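Student: So here's data04.tsv (TSV, C-alpha atoms).
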```tsv
chain	number	residue	atom	x	y	z
A	1	MET	CA	-1.30	-12.11	-7.35
A	2	HIS	CA	0.64	-15.05	-5.98
A	3	LEU	CA	4.33	-14.85	-6.61
A	4	GLU	CA	6.25	-18.04	-6.37
A	5	LYS	CA	9.92	-18.32	-5.73
A	6	THR	CA	10.60	-20.80	-8.44
A	7	ALA	CA	13.23	-20.83	-11.09
A	8	GLY	CA	12.10	-19.15	-14.27
A	9	PHE	CA	11.41	-15.67	-15.52
A	10	VAL	CA	8.86	-13.42	-17.10
A	11	HIS	CA	10.52	-14.33	-20.37
A	12	PRO	CA	12.86	-17.19	-21.08
A	13	VAL	CA	16.25	-15.91	-19.98
A	14	ASP	CA	18.80	-15.44	-22.66
A	15	ALA	CA	22.15	-17.00	-21.95
A	16	TRP	CA	23.51	-13.44	-22.01
A	17	ASP	CA	21.48	-12.57	-18.92
A	18	ARG	CA	22.85	-15.40	-16.90
A	19	CYS	CA	25.42	-14.14	-14.47
A	20	VAL	CA	26.14	-14.51	-10.79
A	21	PRO	CA	23.18	-12.81	-9.15
A	22	LEU	CA	23.38	-10.28	-6.37
A	23	GLN	CA	21.44	-12.00	-3.60
A	24	ILE	CA	19.61	-9.76	-1.18
A	25	SER	CA	16.66	-10.00	1.16
A	26	ILE	CA	14.38	-7.07	2.03
A	27	GLY	CA	11.44	-7.59	4.35
A	28	SER	CA	12.23	-11.33	4.39
A	29	VAL	CA	11.71	-11.39	0.63
A	30	PRO	CA	14.76	-13.00	-0.99
A	31	LEU	CA	15.65	-11.43	-4.31
A	32	SER	CA	18.20	-12.44	-6.96
A	33	LEU	CA	19.35	-9.47	-9.01
A	34	PHE	CA	20.91	-10.39	-12.33
A	35	ILE	CA	22.98	-7.31	-13.19
A	36	ARG	CA	25.51	-7.62	-15.99
A	37	GLU	CA	26.51	-3.98	-16.16
A	38	GLU	CA	29.53	-3.39	-13.97
A	39	ALA	CA	28.73	0.32	-13.68
A	40	LEU	CA	25.47	-0.61	-11.98
A	41	LEU	CA	26.54	-3.74	-10.13
A	42	GLY	CA	29.21	-2.00	-8.02
A	43	PRO	CA	26.91	0.69	-6.61
A	44	ALA	CA	24.16	-1.90	-6.09
A	45	VAL	CA	26.48	-4.18	-4.09
A	46	ARG	CA	27.44	-1.23	-1.89
A	47	ARG	CA	23.90	0.08	-1.54
A	48	TYR	CA	22.42	-3.24	-0.45
A	49	ARG	CA	25.41	-4.62	1.46
A	50	GLU	CA	23.49	-4.81	4.74
A	51	PHE	CA	20.78	-6.81	2.97
A	52	ALA	CA	23.07	-9.40	1.42
A	53	TYR	CA	21.58	-12.85	1.65
A	54	THR	CA	22.84	-16.27	0.76
A	55	SER	CA	20.12	-18.15	-0.96
A	56	GLU	CA	19.49	-19.69	-4.30
A	57	ASP	CA	15.74	-19.33	-4.19
A	58	GLY	CA	15.53	-15.56	-4.51
A	59	PHE	CA	12.79	-14.07	-6.66
A	60	PRO	CA	14.64	-13.48	-9.93
A	61	ILE	CA	14.99	-9.95	-11.28
A	62	VAL	CA	16.78	-9.50	-14.58
A	63	LEU	CA	18.07	-6.05	-15.48
A	64	LYS	CA	17.80	-5.36	-19.19
A	65	LYS	CA	19.24	-2.38	-20.98
A	66	SER	CA	16.10	-1.68	-22.93
A	67	GLU	CA	12.60	-2.92	-23.45
A	68	THR	CA	12.36	-6.44	-24.71
A	69	ARG	CA	9.54	-8.50	-26.02
A	70	THR	CA	6.57	-8.78	-23.74
A	71	GLY	CA	5.90	-12.14	-22.17
A	72	THR	CA	2.48	-13.66	-22.02
A	73	ASN	CA	2.43	-14.05	-18.27
A	74	VAL	CA	2.93	-10.41	-17.33
A	75	GLU	CA	0.85	-9.64	-14.25
A	76	PHE	CA	1.93	-6.07	-13.66
A	77	SER	CA	4.02	-3.43	-15.36
A	78	TYR	CA	4.88	0.12	-14.40
A	79	LEU	CA	6.80	2.82	-16.19
A	80	LEU	CA	8.84	5.18	-14.05
A	81	ASP	CA	10.56	7.87	-16.14
A	82	ASP	CA	12.69	5.84	-18.56
A	83	ALA	CA	12.76	2.70	-16.46
A	84	LYS	CA	10.13	0.00	-16.45
A	85	ILE	CA	9.24	-2.94	-14.27
A	86	VAL	CA	7.60	-5.96	-15.84
A	87	LEU	CA	6.44	-8.48	-13.28
A	88	GLY	CA	5.29	-12.03	-13.74
A	89	SER	CA	4.50	-14.82	-11.33
A	90	GLN	CA	7.99	-16.27	-11.55
A	91	GLY	CA	10.21	-13.26	-11.91
A	92	ALA	CA	10.62	-9.67	-12.98
A	93	GLU	CA	12.45	-7.61	-15.53
A	94	PHE	CA	13.77	-4.14	-14.84
A	95	GLN	CA	14.22	-2.39	-18.16
A	96	GLY	CA	16.19	0.75	-18.95
A	97	VAL	CA	17.76	1.11	-15.49
A	98	ARG	CA	20.66	3.55	-15.89
A	99	HIS	CA	21.60	4.29	-12.29
A	100	GLU	CA	21.24	2.93	-8.78
A	101	TYR	CA	18.45	5.37	-7.90
A	102	ALA	CA	16.24	3.96	-10.66
A	103	LEU	CA	17.07	0.47	-9.43
A	104	ASP	CA	16.10	1.50	-5.91
A	105	SER	CA	12.77	2.93	-7.11
A	106	LEU	CA	11.89	-0.18	-9.10
A	107	LEU	CA	12.75	-2.39	-6.12
A	108	ARG	CA	10.29	-0.42	-4.01
A	109	ILE	CA	7.58	-0.87	-6.64
A	110	LEU	CA	8.35	-4.58	-6.90
A	111	LEU	CA	8.16	-5.02	-3.15
A	112	THR	CA	4.74	-3.38	-2.95
A	113	MET	CA	3.48	-6.12	-5.24
A	114	VAL	CA	5.39	-9.04	-3.76
A	115	LEU	CA	4.54	-8.13	-0.16
A	116	LEU	CA	0.84	-7.56	-0.81
A	117	PRO	CA	-0.35	-11.21	-0.71
A	118	GLN	CA	1.88	-11.72	2.33
A	119	ARG	CA	0.11	-9.05	4.38
A	120	GLY	CA	2.92	-6.61	3.89
A	121	PHE	CA	3.30	-3.11	2.53
A	122	LEU	CA	5.56	-0.08	2.32
A	123	LEU	CA	4.61	3.11	4.11
A	124	HIS	CA	5.96	6.66	3.93
A	125	GLY	CA	7.28	6.55	7.45
A	126	ALA	CA	10.30	6.50	9.73
A	127	THR	CA	10.77	3.43	11.94
A	128	VAL	CA	12.49	3.89	15.27
A	129	VAL	CA	13.22	1.05	17.71
A	130	ARG	CA	12.87	1.71	21.41
A	131	ASP	CA	13.02	-0.94	24.13
A	132	GLY	CA	12.86	-3.67	21.51
A	133	ARG	CA	9.70	-2.44	19.82
A	134	ALA	CA	9.17	-0.47	16.63
A	135	TYR	CA	7.46	2.90	16.52
A	136	ILE	CA	6.36	4.00	13.09
A	137	PHE	CA	6.06	7.73	12.44
A	138	PHE	CA	4.30	8.25	9.18
A	139	GLY	CA	3.11	11.11	7.04
A	140	ARG	CA	3.52	12.69	3.69
A	141	SER	CA	6.55	14.62	2.57
A	142	GLY	CA	7.43	17.37	5.06
A	143	ALA	CA	5.51	15.78	7.94
A	144	GLY	CA	8.65	15.36	10.03
A	145	LYS	CA	9.86	11.80	9.38
A	146	SER	CA	13.47	12.87	8.97
A	147	THR	CA	13.19	15.13	12.02
A	148	VAL	CA	12.02	12.21	14.15
A	149	ALA	CA	14.85	10.08	12.80
A	150	SER	CA	17.43	12.79	13.48
A	151	LEU	CA	16.19	13.12	17.07
A	152	SER	CA	16.52	9.39	17.73
A	153	PRO	CA	19.62	7.62	19.07
A	154	LYS	CA	22.07	6.36	16.48
A	155	GLY	CA	21.37	2.75	15.58
A	156	SER	CA	17.73	2.93	16.63
A	157	VAL	CA	16.43	4.08	13.24
A	158	LEU	CA	15.46	1.33	10.78
A	159	THR	CA	14.56	3.87	8.10
A	160	ASP	CA	13.88	7.60	7.93
A	161	GLU	CA	11.72	7.40	4.80
A	162	ILE	CA	10.08	4.11	3.83
A	163	SER	CA	8.87	1.70	6.49
A	164	LEU	CA	8.18	-1.92	5.68
A	165	ILE	CA	5.43	-3.53	7.75
A	166	ARG	CA	4.53	-7.16	7.48
A	167	TYR	CA	2.50	-9.70	9.40
A	168	SER	CA	4.61	-12.73	10.22
A	169	ASN	CA	5.03	-15.21	13.07
A	170	GLY	CA	1.68	-14.16	14.46
A	171	CYS	CA	2.41	-10.46	14.81
A	172	TRP	CA	3.07	-7.25	12.93
A	173	GLN	CA	6.75	-6.63	12.35
A	174	ALA	CA	8.65	-3.61	11.10
A	175	HIS	CA	11.58	-4.51	8.89
A	176	GLY	CA	14.68	-2.47	8.23
A	177	THR	CA	14.93	-1.27	4.64
A	178	PRO	CA	17.68	0.07	2.41
A	179	PHE	CA	15.25	2.84	1.43
A	180	TRP	CA	16.32	6.07	3.06
A	181	GLY	CA	15.67	9.75	2.53
A	182	GLU	CA	17.61	12.60	4.04
A	183	PHE	CA	19.81	10.47	6.29
A	184	ARG	CA	21.11	8.06	3.71
A	185	ALA	CA	22.38	4.96	5.46
A	186	ALA	CA	22.98	1.34	4.63
A	187	GLY	CA	20.14	0.31	6.94
A	188	GLN	CA	19.79	-2.70	9.19
A	189	ASN	CA	18.33	-5.95	8.03
A	190	ARG	CA	16.33	-6.86	11.11
A	191	LEU	CA	12.71	-7.07	12.14
A	192	VAL	CA	11.09	-5.74	15.28
A	193	PRO	CA	7.50	-6.12	16.58
A	194	VAL	CA	5.44	-3.00	15.95
A	195	ALA	CA	4.37	-1.10	19.07
A	196	GLY	CA	2.38	1.68	17.44
A	197	LEU	CA	1.68	3.87	14.46
A	198	TYR	CA	1.94	7.66	14.71
A	199	LEU	CA	0.67	10.08	12.10
A	200	LEU	CA	2.95	13.10	12.38
A	201	LYS	CA	1.50	16.53	12.85
A	202	GLN	CA	3.74	19.43	13.73
A	203	ALA	CA	2.26	21.51	16.53
A	204	SER	CA	3.17	23.79	19.41
A	205	GLU	CA	2.85	21.07	22.02
A	206	GLU	CA	3.39	17.35	22.43
A	207	ARG	CA	0.18	15.39	22.45
A	208	VAL	CA	-0.97	11.96	21.39
A	209	GLU	CA	-4.47	11.38	20.10
A	210	ILE	CA	-5.78	7.87	19.51
A	211	LEU	CA	-7.49	7.45	16.15
A	212	SER	CA	-10.60	5.40	15.42
A	213	ILE	CA	-10.41	2.58	12.90
A	214	LYS	CA	-11.85	4.81	10.20
A	215	GLN	CA	-9.58	7.72	11.06
A	216	SER	CA	-6.61	5.37	11.04
A	217	LEU	CA	-7.52	4.03	7.63
A	218	ARG	CA	-8.00	7.58	6.35
A	219	ALA	CA	-4.57	8.51	7.73
A	220	LEU	CA	-2.72	5.46	6.42
A	221	LEU	CA	-4.13	5.09	2.92
A	222	PRO	CA	-2.49	8.18	1.35
A	223	CYS	CA	0.85	7.18	2.88
A	224	VAL	CA	0.98	3.62	1.51
A	225	LEU	CA	3.19	3.14	-1.53
A	226	PHE	CA	0.94	1.58	-4.13
A	227	PHE	CA	1.29	1.50	-7.87
A	228	THR	CA	-1.29	-0.88	-9.24
A	229	SER	CA	-4.77	0.03	-10.38
A	230	GLU	CA	-6.01	-3.53	-10.02
A	231	LYS	CA	-9.19	-3.80	-8.00
A	232	ARG	CA	-8.24	-7.04	-6.24
A	233	ALA	CA	-4.93	-5.58	-5.12
A	234	HIS	CA	-6.75	-2.64	-3.53
A	235	GLU	CA	-9.15	-5.02	-1.81
A	236	THR	CA	-6.20	-6.96	-0.41
A	237	LEU	CA	-4.57	-3.74	0.76
A	238	LEU	CA	-7.77	-2.64	2.51
A	239	ARG	CA	-8.01	-6.02	4.24
A	240	THR	CA	-4.39	-5.84	5.37
A	241	LEU	CA	-4.67	-2.29	6.68
A	242	LEU	CA	-7.86	-3.04	8.57
A	243	LYS	CA	-6.28	-6.07	10.21
A	244	LEU	CA	-3.27	-3.95	11.18
A	245	ILE	CA	-5.23	-1.09	12.72
A	246	LYS	CA	-7.51	-3.45	14.60
A	247	GLU	CA	-4.43	-4.98	16.25
A	248	ILE	CA	-1.97	-2.08	16.47
A	249	PRO	CA	-3.02	1.30	17.88
A	250	CYS	CA	-2.82	4.19	15.48
A	251	HIS	CA	-2.41	7.76	16.75
A	252	ARG	CA	-1.99	11.30	15.66
A	253	LEU	CA	1.19	12.66	17.22
A	254	HIS	CA	1.26	16.41	17.69
A	255	PHE	CA	4.88	17.34	18.14
A	256	ARG	CA	7.39	20.15	18.10
A	257	ARG	CA	10.72	19.61	16.42
A	258	ASN	CA	12.39	18.19	19.50
A	259	ALA	CA	12.72	14.85	21.26
A	260	GLU	CA	10.08	15.64	23.90
A	261	PHE	CA	7.53	13.62	21.95
A	262	TRP	CA	8.85	10.41	23.49
A	263	LYS	CA	7.44	11.54	26.83
A	264	VAL	CA	3.87	11.52	25.51
A	265	ILE	CA	4.39	8.26	23.66
A	266	ALA	CA	5.75	6.50	26.71
A	267	ALA	CA	3.01	7.97	28.94
B	268	MET	CA	-36.36	4.26	-13.94
B	269	SER	CA	-36.69	0.50	-14.23
B	270	GLY	CA	-33.09	-0.64	-14.62
B	271	GLN	CA	-31.09	-2.33	-11.88
B	272	ILE	CA	-29.00	-0.19	-9.59
B	273	ILE	CA	-25.41	-1.41	-9.45
B	274	ARG	CA	-22.14	-0.51	-7.82
B	275	ASN	CA	-19.32	0.57	-10.05
B	276	PRO	CA	-17.61	-2.83	-10.54
B	277	LYS	CA	-14.16	-1.23	-10.66
B	278	LEU	CA	-14.24	-0.16	-7.02
B	279	ALA	CA	-12.67	-1.82	-3.98
B	280	TRP	CA	-14.52	-1.35	-0.70
B	281	ARG	CA	-14.78	-2.44	2.90
B	282	GLU	CA	-17.25	-1.78	5.66
B	283	VAL	CA	-15.69	-0.01	8.65
B	284	ASP	CA	-17.87	0.46	11.74
B	285	GLY	CA	-21.03	0.24	9.66
B	286	GLU	CA	-19.85	2.74	7.06
B	287	MET	CA	-18.32	2.13	3.66
B	288	VAL	CA	-14.80	3.07	2.68
B	289	ILE	CA	-14.45	2.87	-1.07
B	290	ILE	CA	-11.31	3.13	-3.17
B	291	SER	CA	-11.24	3.90	-6.82
B	292	PRO	CA	-8.14	1.97	-7.97
B	293	GLU	CA	-7.76	3.97	-11.15
B	294	ASP	CA	-7.14	7.30	-9.43
B	295	SER	CA	-6.56	6.16	-5.82
B	296	GLN	CA	-9.47	8.33	-4.72
B	297	VAL	CA	-10.92	7.34	-1.36
B	298	HIS	CA	-14.63	7.84	-0.69
B	299	GLU	CA	-16.33	7.49	2.66
B	300	LEU	CA	-20.09	7.06	2.86
B	301	ASN	CA	-22.23	8.16	5.76
B	302	GLU	CA	-24.58	5.73	7.45
B	303	THR	CA	-27.52	6.37	5.12
B	304	ALA	CA	-25.45	6.14	1.95
B	305	SER	CA	-23.74	3.02	3.33
B	306	LEU	CA	-27.12	1.34	3.81
B	307	PHE	CA	-28.05	2.28	0.26
B	308	TRP	CA	-24.71	0.88	-0.96
B	309	LYS	CA	-25.37	-2.40	0.84
B	310	HIS	CA	-28.99	-2.94	-0.04
B	311	ALA	CA	-29.60	-1.24	-3.38
B	312	GLU	CA	-27.30	-3.45	-5.43
B	313	GLY	CA	-29.29	-5.35	-8.05
B	314	LYS	CA	-32.64	-3.70	-7.16
B	315	THR	CA	-34.68	-1.34	-9.27
B	316	MET	CA	-35.69	2.07	-7.97
B	317	ASP	CA	-39.31	0.93	-7.89
B	318	GLU	CA	-38.41	-2.03	-5.70
B	319	LEU	CA	-36.46	0.19	-3.32
B	320	VAL	CA	-39.25	2.75	-3.10
B	321	GLU	CA	-41.69	0.00	-2.28
B	322	ARG	CA	-39.47	-1.45	0.42
B	323	ILE	CA	-38.50	1.86	2.06
B	324	SER	CA	-42.02	3.27	2.10
B	325	ALA	CA	-43.32	0.07	3.72
B	326	GLU	CA	-40.47	-0.30	6.20
B	327	TYR	CA	-40.34	3.31	7.36
B	328	GLU	CA	-44.00	4.19	6.75
B	329	VAL	CA	-43.27	7.13	4.48
B	330	ALA	CA	-45.12	8.21	1.37
B	331	ARG	CA	-43.84	6.66	-1.83
B	332	GLU	CA	-43.19	10.08	-3.34
B	333	THR	CA	-41.04	11.07	-0.36
B	334	ALA	CA	-39.12	7.80	-0.44
B	335	ARG	CA	-38.57	8.11	-4.18
B	336	ALA	CA	-37.32	11.68	-3.93
B	337	ASP	CA	-34.85	10.78	-1.16
B	338	LEU	CA	-33.60	7.66	-2.89
B	339	GLU	CA	-33.19	9.40	-6.21
B	340	GLU	CA	-31.26	12.19	-4.55
B	341	LEU	CA	-28.98	9.63	-2.90
B	342	LEU	CA	-28.44	7.76	-6.14
B	343	ALA	CA	-27.70	11.00	-7.97
B	344	ALA	CA	-25.06	11.91	-5.37
B	345	LEU	CA	-23.45	8.47	-5.63
B	346	GLY	CA	-23.72	8.62	-9.42
B	347	GLU	CA	-21.98	11.98	-9.51
B	348	LYS	CA	-18.99	10.34	-7.81
B	349	GLN	CA	-19.31	7.35	-10.14
B	350	LEU	CA	-19.90	4.98	-7.25
B	351	MET	CA	-23.34	3.63	-8.16
B	352	PHE	CA	-25.59	3.96	-11.13
B	353	VAL	CA	-28.49	2.40	-13.00
B	354	ALA	CA	-27.20	-0.35	-15.25
B	355	PRO	CA	-27.91	0.27	-18.91
B	356	GLU	CA	-30.63	-2.08	-20.04
B	357	GLU	CA	-29.53	-4.81	-22.39
B	358	LYS	CA	-30.75	-4.45	-25.92
B	359	GLY	CA	-32.69	-7.49	-26.86
```
Once you've parsed the file, please lay out its structure as structure tokens.
Tutor:
Amino acid sequence: MHLEKTAGFVHPVDAWDRCVPLQISIGSVPLSLFIREEALLGPAVRRYREFAYTSEDGFPIVLKKSETRTGTNVEFSYLLDDAKIVLGSQGAEFQGVRHEYALDSLLRILLTMVLLPQRGFLLHGATVVRDGRAYIFFGRSGAGKSTVASLSPKGSVLTDEISLIRYSNGCWQAHGTPFWGEFRAAGQNRLVPVAGLYLLKQASEERVEILSIKQSLRALLPCVLFFTSEKRAHETLLRTLLKLIKEIPCHRLHFRRNAEFWKVIAA
Amino acid sequence: MSGQIIRNPKLAWREVDGEMVIISPEDSQVHELNETASLFWKHAEGKTMDELVERISAEYEVARETARADLEELLAALGEKQLMFVAPEEKG
């Protein structure tokens, strides 16, 4: 799927939908959110304030109250509870979004699709910056992402829940995201070169174990946010992950719930 | 068994260190093949079982019956996971 940042939408936009868009950028993906509902716009402005972006070429996303007619150029759609994302090459519709949490979830789904052809993806992981480089601690729910974030200095955490990794300017970069878990925060819209990937495993000692390419792939795949069942999208994801783990070391981090783990990472 | 052996066309796959990692996009299931199954995955596509038996028995100097039994067992295992199967013959 190749998404272009051109004017136009999945469907022709009704005059009613035209309003001043909320312009944001997540993972260097500019987005224009057309939200007419005040009850939703206010929370969205607050939620994404650190990701505000001044640009007129954002990928257009129109929020509709309910399902509308289906366009002919729909490339992907996904139903999440009562809300639905309908994505085309030139824009997206979010239908039935009733609160900011649904908006947040649909944005994550959208980004998985938009980032894919740009060698980017979202990962269940906490990103912590240390000495100007990003350390990504990933794992499924309960693995210890929030614990790692809570043990890290204030301001060093780019996210405690969903990491955004993308290849740009010749290297792998971790981007700050507005997607947080336990430690809800506005986030920081910055990007930092990735130093390493760490699969979290709670243990009785601190130890780092380097993973082979295959082990790394096996560790990462279940933690990648991915919503499409399209074969080509999965092939692209596999290609991206293999490039990443050939260039960035991936480890299993055995750790107790304290900050001692940095000693074995730095070693 | 004279039909062509084919990979499930719905699957995404990559070779990692000589072994296949296969994803089933419909259920996000990940399959990893060992070295032998990976070789089968690479070389059996589009061949008939008879052709494979012929090739394996000549290349590895094993009896045809032995080669056939091993290959059929491998195909059955891959078929059980819906990774590879014998294509249904077209009705003419």
Student: Distance CA of Ile35 (chain A)-CA of Ile61 (chain A), one decimal place?
Tutor: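 Going from CA of Ile35 (chain A) over to CA of Ile61 (chain A), I get 8.6 Å.
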Student: Give as an mmCIF file with C-alpha atoms, in the frame of the given file every residue of chain A that touches chain B within 8 Å, counting only C-alpha atoms.
Tutor:
```
data_model
loop_
_atom_site.group_PDB
_atom_site.id
_atom_site.type_symbol
_atom_site.label_atom_id
_atom_site.label_comp_id
_atom_site.auth_asym_id
_atom_site.auth_seq_id
_atom_site.Cartn_x
_atom_site.Cartn_y
_atom_site.Cartn_z
ATOM 1 C CA ILE A 213 -10.410 2.580 12.900
ATOM 2 C CA LYS A 214 -11.850 4.810 10.200
ATOM 3 C CA THR A 228 -1.290 -0.880 -9.240
ATOM 4 C CA SER A 229 -4.770 0.030 -10.380
ATOM 5 C CA GLU A 230 -6.010 -3.530 -10.020
ATOM 6 C CA LYS A 231 -9.190 -3.800 -8.000
ATOM 7 C CA ARG A 232 -8.240 -7.040 -6.240
ATOM 8 C CA HIS A 234 -6.750 -2.640 -3.530
ATOM 9 C CA GLU A 235 -9.150 -5.020 -1.810
ATOM 10 C CA LEU A 238 -7.770 -2.640 2.510
ATOM 11 C CA ARG A 239 -8.010 -6.020 4.240
#
```
Student: Show me, as an MDAnalysis selection string, the residues that have an atom within 12 Å of region 330-339 of chain B when counting all atoms listed in the file, minus same-chain residues fewer than 6 positions from it.
Tutor: chainID B and resid 268 272 303:304 306:308 310:311 315:324 345:347 351:353
Student: In Å, with one decimal, what is the gap from CA of Val45 (chain A) to CA of Pro21 (chain A)?
Tutor: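 About the pair CA of Val45 (chain A) and CA of Pro21 (chain A): they are 10.5 Å apart.
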Student: Mind checking which residues fall within 9 Å of Phe179 (chain A), counting only C-alpha atoms, ignoring those fewer than 6 positions away in the same chain, and posting them as a PyMOL selection string?
Tutor: chain A and resi 104-105+108+159-163+185-187
Student: What separation in Å, quoted to one decimal, exists between CA of Gly144 (chain A) and CA of Arg130 (chain A)?
Tutor: 18.3 Å
Student: Neighbourhood query: residues within 9 Å of (8.6, -0.4, -5.9), file coordinates, counting only C-alpha atoms; return as JSON, numbers by chain.
Tutor: {"A": [85, 104, 105, 106, 107, 108, 109, 110, 111, 112, 113, 122, 225, 226, 227]}
Student: Need the shell around Glu356 (chain B): protein/DNA/RNA residues with any atom at most 9 Å away, counting all atoms listed in the file. Skip same-chain ones fewer than 5 positions apart. Format as number ranges by chain?
Tutor: B: 269-271
Student: Within 7 Å of (5.9, -7.5, 15.5), all atoms listed in the file: residues as a PyMOL selection string?
Tutor: chain A and resi 171-174+192-194
Student: Would you pick out the contacts of region 135-141 of chain A at 8 Å or less, using only C-alpha atoms, so that residues sharing its chain but fewer than 4 positions from it are not included, and give the list as a count of residues only?
Tutor: 20
